[in-house]
Amino acid sequence: MTSNSYSPQHPVTDGEYHALIGFHLHHHVAVVTMNNPPANTWTAQSLEQLKTLVQSLNLNKEVYALVLTGAGEKFFSAGADLKLFADGDKARALKMARVFGEAFEALSEFRGVSIAAINGYAMGGGLEAALACDIRIAEEQAVMALPEAKVGLLPCAGGTQNLTALVGEGWAKRVILCGEQLTAAKAHEIGLVEEVVAQGEALNRAIAMAESVAQQSPSSVAACKKLIQQTRFAPRQHGLIKEREYFLDLFDTEDQTEGVQAFLQKRAPQWKNQ
């Protein structure tokens, strides 16, 4: 099945594909590939495609997890093409900042688990895409950076906020203010990535991890993800209150009944994601 556009009202199915954003379903995992050679740079078109794709995946009850990776062997993504900003056009800059923000916010708000399989250079908006995911797996040769200040710009798609939340203020300042590039090993050491694998293995490892999400109730996963992410901006007491609210809300889902009954009956649960 092929399609020229994704509709947020129509859940995407296996085989749908865009020139800039590749997509296929692997069991309950949506594998999304940035495909804009040679460096998988972002364009307004690819960012809008990513946003609409994620919105569509949210409607597909068979999708529990998403894996994001880059086509080829050298780049995860080098971010935006700087030629877009060469003439200093503020109208174009405003549009790009908006579509970057909307795309990566949609990725961050994906109701399932999102995993970045960083298979090469992740620079600028490429790293920001990975930061918008829940988990990051990097190949040993990968290099990560937010070098926008080197060209008179700044990370405008969550980079300053998400990086600081993951690695703390000190390391965020080293990476953003001092222009420091990180090897996969250093990124793992400071908590930017959760795992480092051999070259060529990030996608397989990410898919294997994503498949494990199918063992969890999708309803529970979505609720837990919201609770974890709200710790970035809301006080702890607020989170404790929301925990109890979401816990009770789960009793309105079929997944809660199925999960408990499956455990008591010593069988695998059949999730309905509702």
# chains A, B, ... in the order shown; residues from 1 in each chain; ligands from 1
call {"tool": "residues_around", "arguments": {"residues": "range 39-51 of chain A", "least_positions_apart": "5", "cutoff": "6 Å", "atoms": "only C-alpha atoms", "output": "ChimeraX atom specification"}}
result
/A:20,34,75,77-81,103,106
call {"tool": "write_last_selection", "arguments": {"atoms": "N, CA, C and O atoms", "output": "mmCIF file, in the first residue's frame"}}
result
data_model
loop_
_atom_site.group_PDB
_atom_site.id
_atom_site.type_symbol
_atom_site.label_atom_id
_atom_site.label_comp_id
_atom_site.auth_asym_id
_atom_site.auth_seq_id
_atom_site.Cartn_x
_atom_site.Cartn_y
_atom_site.Cartn_z
ATOM 1 N N LEU A 20 10.876 11.424 2.097
ATOM 2 C CA LEU A 20 11.749 11.961 3.132
ATOM 3 C C LEU A 20 11.601 11.230 4.459
ATOM 4 O O LEU A 20 12.508 11.252 5.284
ATOM 5 N N MET A 34 14.420 8.607 8.807
ATOM 6 C CA MET A 34 14.739 9.873 8.151
ATOM 7 C C MET A 34 15.548 9.553 6.908
ATOM 8 O O MET A 34 16.582 8.891 6.989
ATOM 9 N N PHE A 75 24.959 8.974 8.944
ATOM 10 C CA PHE A 75 24.196 10.001 9.639
ATOM 11 C C PHE A 75 22.902 9.459 10.226
ATOM 12 O O PHE A 75 22.164 8.736 9.553
ATOM 13 N N SER A 77 21.017 12.127 11.723
ATOM 14 C CA SER A 77 20.552 13.343 11.047
ATOM 15 C C SER A 77 21.482 14.482 11.404
ATOM 16 O O SER A 77 21.878 14.634 12.559
ATOM 17 N N ALA A 78 21.814 15.281 10.389
ATOM 18 C CA ALA A 78 22.676 16.449 10.612
ATOM 19 C C ALA A 78 21.872 17.698 10.934
ATOM 20 O O ALA A 78 22.428 18.793 11.003
ATOM 21 N N GLY A 79 20.555 17.555 11.138
ATOM 22 C CA GLY A 79 19.736 18.702 11.506
ATOM 23 C C GLY A 79 19.233 19.466 10.303
ATOM 24 O O GLY A 79 18.982 18.904 9.243
ATOM 25 N N ALA A 80 19.082 20.774 10.445
ATOM 26 C CA ALA A 80 18.565 21.613 9.359
ATOM 27 C C ALA A 80 19.662 21.928 8.355
ATOM 28 O O ALA A 80 20.847 21.998 8.703
ATOM 29 N N ASP A 81 19.268 22.122 7.116
ATOM 30 C CA ASP A 81 20.188 22.578 6.078
ATOM 31 C C ASP A 81 20.414 24.078 6.290
ATOM 32 O O ASP A 81 19.475 24.882 6.197
ATOM 33 N N ALA A 103 6.808 19.404 15.202
ATOM 34 C CA ALA A 103 7.146 18.015 14.882
ATOM 35 C C ALA A 103 7.719 17.289 16.086
ATOM 36 O O ALA A 103 7.318 16.159 16.407
ATOM 37 N N ALA A 106 5.215 16.764 18.882
ATOM 38 C CA ALA A 106 4.344 15.632 18.556
ATOM 39 C C ALA A 106 5.058 14.318 18.851
ATOM 40 O O ALA A 106 4.463 13.379 19.401
#
call {"tool": "atom_distance", "arguments": {"atom1": "CA of Leu227 in chain A", "atom2": "CA of Ala97 in chain A"}}
result
27.3 Å
call {"tool": "select_by_dssp", "arguments": {"residues": "range 15-202 of chain A", "states": "alpha helix (DSSP H)", "output": "PyMOL selection string"}}
result
chain A and resi 44-59+90-108+125-131+159-176+184-190+202
call {"tool": "write_last_selection", "arguments": {"atoms": "C-alpha atoms", "output": "PDB file, in the first residue's frame"}}
result
ATOM      1  CA  ALA A  44       9.802  21.930   6.368  1.00  0.00           C
ATOM      2  CA  GLN A  45       8.228  19.128   4.333  1.00  0.00           C
ATOM      3  CA  SER A  46       9.862  16.277   6.257  1.00  0.00           C
ATOM      4  CA  LEU A  47       9.063  17.895   9.617  1.00  0.00           C
ATOM      5  CA  GLU A  48       5.411  18.268   8.672  1.00  0.00           C
ATOM      6  CA  GLN A  49       5.392  14.660   7.474  1.00  0.00           C
ATOM      7  CA  LEU A  50       6.846  13.479  10.786  1.00  0.00           C
ATOM      8  CA  LYS A  51       4.242  15.412  12.778  1.00  0.00           C
ATOM      9  CA  THR A  52       1.351  14.018  10.746  1.00  0.00           C
ATOM     10  CA  LEU A  53       2.772  10.508  10.823  1.00  0.00           C
ATOM     11  CA  VAL A  54       3.042  10.516  14.621  1.00  0.00           C
ATOM     12  CA  GLN A  55      -0.502  11.858  14.911  1.00  0.00           C
ATOM     13  CA  SER A  56      -1.692   9.037  12.674  1.00  0.00           C
ATOM     14  CA  LEU A  57       0.235   6.417  14.620  1.00  0.00           C
ATOM     15  CA  ASN A  58      -1.496   7.619  17.776  1.00  0.00           C
ATOM     16  CA  LEU A  59      -4.764   6.455  16.202  1.00  0.00           C
ATOM     17  CA  LYS A  90      13.150  36.042   9.461  1.00  0.00           C
ATOM     18  CA  ALA A  91       9.868  34.844   7.967  1.00  0.00           C
ATOM     19  CA  ARG A  92      11.509  31.606   6.840  1.00  0.00           C
ATOM     20  CA  ALA A  93      13.267  31.293  10.191  1.00  0.00           C
ATOM     21  CA  LEU A  94       9.935  31.694  12.007  1.00  0.00           C
ATOM     22  CA  LYS A  95       8.324  29.011   9.865  1.00  0.00           C
ATOM     23  CA  MET A  96      11.187  26.571  10.404  1.00  0.00           C
ATOM     24  CA  ALA A  97      11.209  27.173  14.166  1.00  0.00           C
ATOM     25  CA  ARG A  98       7.473  26.502  14.241  1.00  0.00           C
ATOM     26  CA  VAL A  99       7.553  23.294  12.184  1.00  0.00           C
ATOM     27  CA  PHE A 100      10.593  22.009  14.123  1.00  0.00           C
ATOM     28  CA  GLY A 101       8.835  22.639  17.413  1.00  0.00           C
ATOM     29  CA  GLU A 102       5.514  21.143  16.324  1.00  0.00           C
ATOM     30  CA  ALA A 103       7.146  18.015  14.882  1.00  0.00           C
ATOM     31  CA  PHE A 104       9.327  17.225  17.877  1.00  0.00           C
ATOM     32  CA  GLU A 105       6.606  18.101  20.376  1.00  0.00           C
ATOM     33  CA  ALA A 106       4.344  15.632  18.556  1.00  0.00           C
ATOM     34  CA  LEU A 107       7.124  13.038  18.780  1.00  0.00           C
ATOM     35  CA  SER A 108       7.587  13.731  22.494  1.00  0.00           C
ATOM     36  CA  GLY A 125      18.058  19.262  14.895  1.00  0.00           C
ATOM     37  CA  GLY A 126      19.121  15.654  14.473  1.00  0.00           C
ATOM     38  CA  LEU A 127      20.053  15.401  18.133  1.00  0.00           C
ATOM     39  CA  GLU A 128      16.923  17.346  19.087  1.00  0.00           C
ATOM     40  CA  ALA A 129      14.847  14.638  17.365  1.00  0.00           C
ATOM     41  CA  ALA A 130      16.599  12.020  19.494  1.00  0.00           C
ATOM     42  CA  LEU A 131      16.071  14.134  22.619  1.00  0.00           C
ATOM     43  CA  GLY A 159      17.338  21.216  22.664  1.00  0.00           C
ATOM     44  CA  THR A 160      18.056  23.569  25.546  1.00  0.00           C
ATOM     45  CA  GLN A 161      15.204  22.172  27.628  1.00  0.00           C
ATOM     46  CA  ASN A 162      15.404  18.442  26.909  1.00  0.00           C
ATOM     47  CA  LEU A 163      19.187  18.175  27.071  1.00  0.00           C
ATOM     48  CA  THR A 164      19.260  19.951  30.437  1.00  0.00           C
ATOM     49  CA  ALA A 165      16.544  17.644  31.784  1.00  0.00           C
ATOM     50  CA  LEU A 166      18.592  14.593  30.786  1.00  0.00           C
ATOM     51  CA  VAL A 167      22.173  15.552  31.659  1.00  0.00           C
ATOM     52  CA  GLY A 168      21.902  18.524  34.009  1.00  0.00           C
ATOM     53  CA  GLU A 169      22.803  22.169  33.611  1.00  0.00           C
ATOM     54  CA  GLY A 170      26.572  21.747  33.628  1.00  0.00           C
ATOM     55  CA  TRP A 171      26.806  19.293  30.760  1.00  0.00           C
ATOM     56  CA  ALA A 172      24.079  21.082  28.820  1.00  0.00           C
ATOM     57  CA  LYS A 173      26.187  24.244  29.001  1.00  0.00           C
ATOM     58  CA  ARG A 174      29.318  22.387  27.891  1.00  0.00           C
ATOM     59  CA  VAL A 175      27.516  20.976  24.860  1.00  0.00           C
ATOM     60  CA  ILE A 176      25.524  24.093  23.883  1.00  0.00           C
ATOM     61  CA  ALA A 184      28.672   7.641  22.201  1.00  0.00           C
ATOM     62  CA  ALA A 185      30.685   6.524  25.239  1.00  0.00           C
ATOM     63  CA  LYS A 186      30.670  10.003  26.782  1.00  0.00           C
ATOM     64  CA  ALA A 187      26.966  10.448  25.981  1.00  0.00           C
ATOM     65  CA  HIS A 188      26.270   7.199  27.832  1.00  0.00           C
ATOM     66  CA  GLU A 189      28.430   8.252  30.768  1.00  0.00           C
ATOM     67  CA  ILE A 190      26.502  11.493  31.309  1.00  0.00           C
ATOM     68  CA  ALA A 202      21.264   0.255  16.937  1.00  0.00           C
TER      69      ALA A 202
END
call {"tool": "residues_around", "arguments": {"residues": "Tyr64 in chain A", "least_positions_apart": "5", "cutoff": "7 Å", "atoms": "only C-alpha atoms", "output": "list in words"}}
result
His28, Val29, Gly112, Val113, Val213, Ala214 and Pro218 of chain A
call {"tool": "atom_distance", "arguments": {"atom1": "CA of Ser219 in chain A", "atom2": "CA of Asn273 in chain A"}}
result
5.8 Å
call {"tool": "residues_around", "arguments": {"residues": "Glu140 in chain A", "least_positions_apart": "6", "cutoff": "8 Å", "atoms": "only C-alpha atoms", "output": "VMD selection string"}}
result
chain A and resid 183 to 185 196 to 199
call {"tool": "atom_distance", "arguments": {"atom1": "CA of Glu180 in chain A", "atom2": "CA of Leu146 in chain A"}}
result
8.1 Å
call {"tool": "decode", "arguments": {"residues": "range 12-71 of chain A", "atoms": "C-alpha atoms", "output": "mmCIF file, in the first residue's frame"}}
result
data_model
loop_
_atom_site.group_PDB
_atom_site.id
_atom_site.type_symbol
_atom_site.label_atom_id
_atom_site.label_comp_id
_atom_site.auth_asym_id
_atom_site.auth_seq_id
_atom_site.Cartn_x
_atom_site.Cartn_y
_atom_site.Cartn_z
ATOM 1 C CA VAL A 12 -1.344 4.608 8.905
ATOM 2 C CA THR A 13 -0.772 0.981 8.008
ATOM 3 C CA ASP A 14 2.243 -1.082 7.048
ATOM 4 C CA GLY A 15 3.946 -0.073 3.848
ATOM 5 C CA GLU A 16 3.004 3.594 3.644
ATOM 6 C CA TYR A 17 6.025 5.649 2.633
ATOM 7 C CA HIS A 18 7.223 9.166 1.965
ATOM 8 C CA ALA A 19 10.395 10.081 0.105
ATOM 9 C CA LEU A 20 11.749 11.961 3.132
ATOM 10 C CA ILE A 21 10.216 9.888 5.948
ATOM 11 C CA GLY A 22 10.219 6.114 5.540
ATOM 12 C CA PHE A 23 7.844 3.975 7.564
ATOM 13 C CA HIS A 24 6.949 0.343 8.141
ATOM 14 C CA LEU A 25 5.335 -1.726 10.849
ATOM 15 C CA HIS A 26 7.268 -4.482 12.606
ATOM 16 C CA HIS A 27 4.706 -6.300 14.750
ATOM 17 C CA HIS A 28 3.547 -3.563 17.174
ATOM 18 C CA VAL A 29 6.515 -1.295 16.390
ATOM 19 C CA ALA A 30 6.467 1.589 13.902
ATOM 20 C CA VAL A 31 9.940 1.981 12.374
ATOM 21 C CA VAL A 32 10.386 5.537 11.087
ATOM 22 C CA THR A 33 13.415 6.408 8.953
ATOM 23 C CA MET A 34 14.739 9.873 8.151
ATOM 24 C CA ASN A 35 15.668 9.578 4.492
ATOM 25 C CA ASN A 36 17.140 12.738 2.992
ATOM 26 C CA PRO A 37 20.652 11.906 1.756
ATOM 27 C CA PRO A 38 23.446 12.526 2.174
ATOM 28 C CA ALA A 39 22.993 13.743 5.778
ATOM 29 C CA ASN A 40 19.271 13.198 6.466
ATOM 30 C CA THR A 41 18.762 16.915 6.970
ATOM 31 C CA TRP A 42 15.361 18.210 7.998
ATOM 32 C CA THR A 43 13.160 20.279 5.705
ATOM 33 C CA ALA A 44 9.802 21.930 6.368
ATOM 34 C CA GLN A 45 8.228 19.128 4.333
ATOM 35 C CA SER A 46 9.862 16.277 6.257
ATOM 36 C CA LEU A 47 9.063 17.895 9.617
ATOM 37 C CA GLU A 48 5.411 18.268 8.672
ATOM 38 C CA GLN A 49 5.392 14.660 7.474
ATOM 39 C CA LEU A 50 6.846 13.479 10.786
ATOM 40 C CA LYS A 51 4.242 15.412 12.778
ATOM 41 C CA THR A 52 1.351 14.018 10.746
ATOM 42 C CA LEU A 53 2.772 10.508 10.823
ATOM 43 C CA VAL A 54 3.042 10.516 14.621
ATOM 44 C CA GLN A 55 -0.502 11.858 14.911
ATOM 45 C CA SER A 56 -1.692 9.037 12.674
ATOM 46 C CA LEU A 57 0.235 6.417 14.620
ATOM 47 C CA ASN A 58 -1.496 7.619 17.776
ATOM 48 C CA LEU A 59 -4.764 6.455 16.202
ATOM 49 C CA ASN A 60 -3.454 3.019 15.267
ATOM 50 C CA LYS A 61 -4.322 0.801 18.236
ATOM 51 C CA GLU A 62 -1.907 -1.874 17.003
ATOM 52 C CA VAL A 63 1.117 0.411 17.416
ATOM 53 C CA TYR A 64 2.671 0.314 20.895
ATOM 54 C CA ALA A 65 6.121 1.751 20.174
ATOM 55 C CA LEU A 66 8.042 3.837 17.654
ATOM 56 C CA VAL A 67 11.688 3.587 16.577
ATOM 57 C CA LEU A 68 13.336 6.552 14.828
ATOM 58 C CA THR A 69 16.545 6.090 12.830
ATOM 59 C CA GLY A 70 18.454 7.523 9.886
ATOM 60 C CA ALA A 71 18.941 6.049 6.423
#
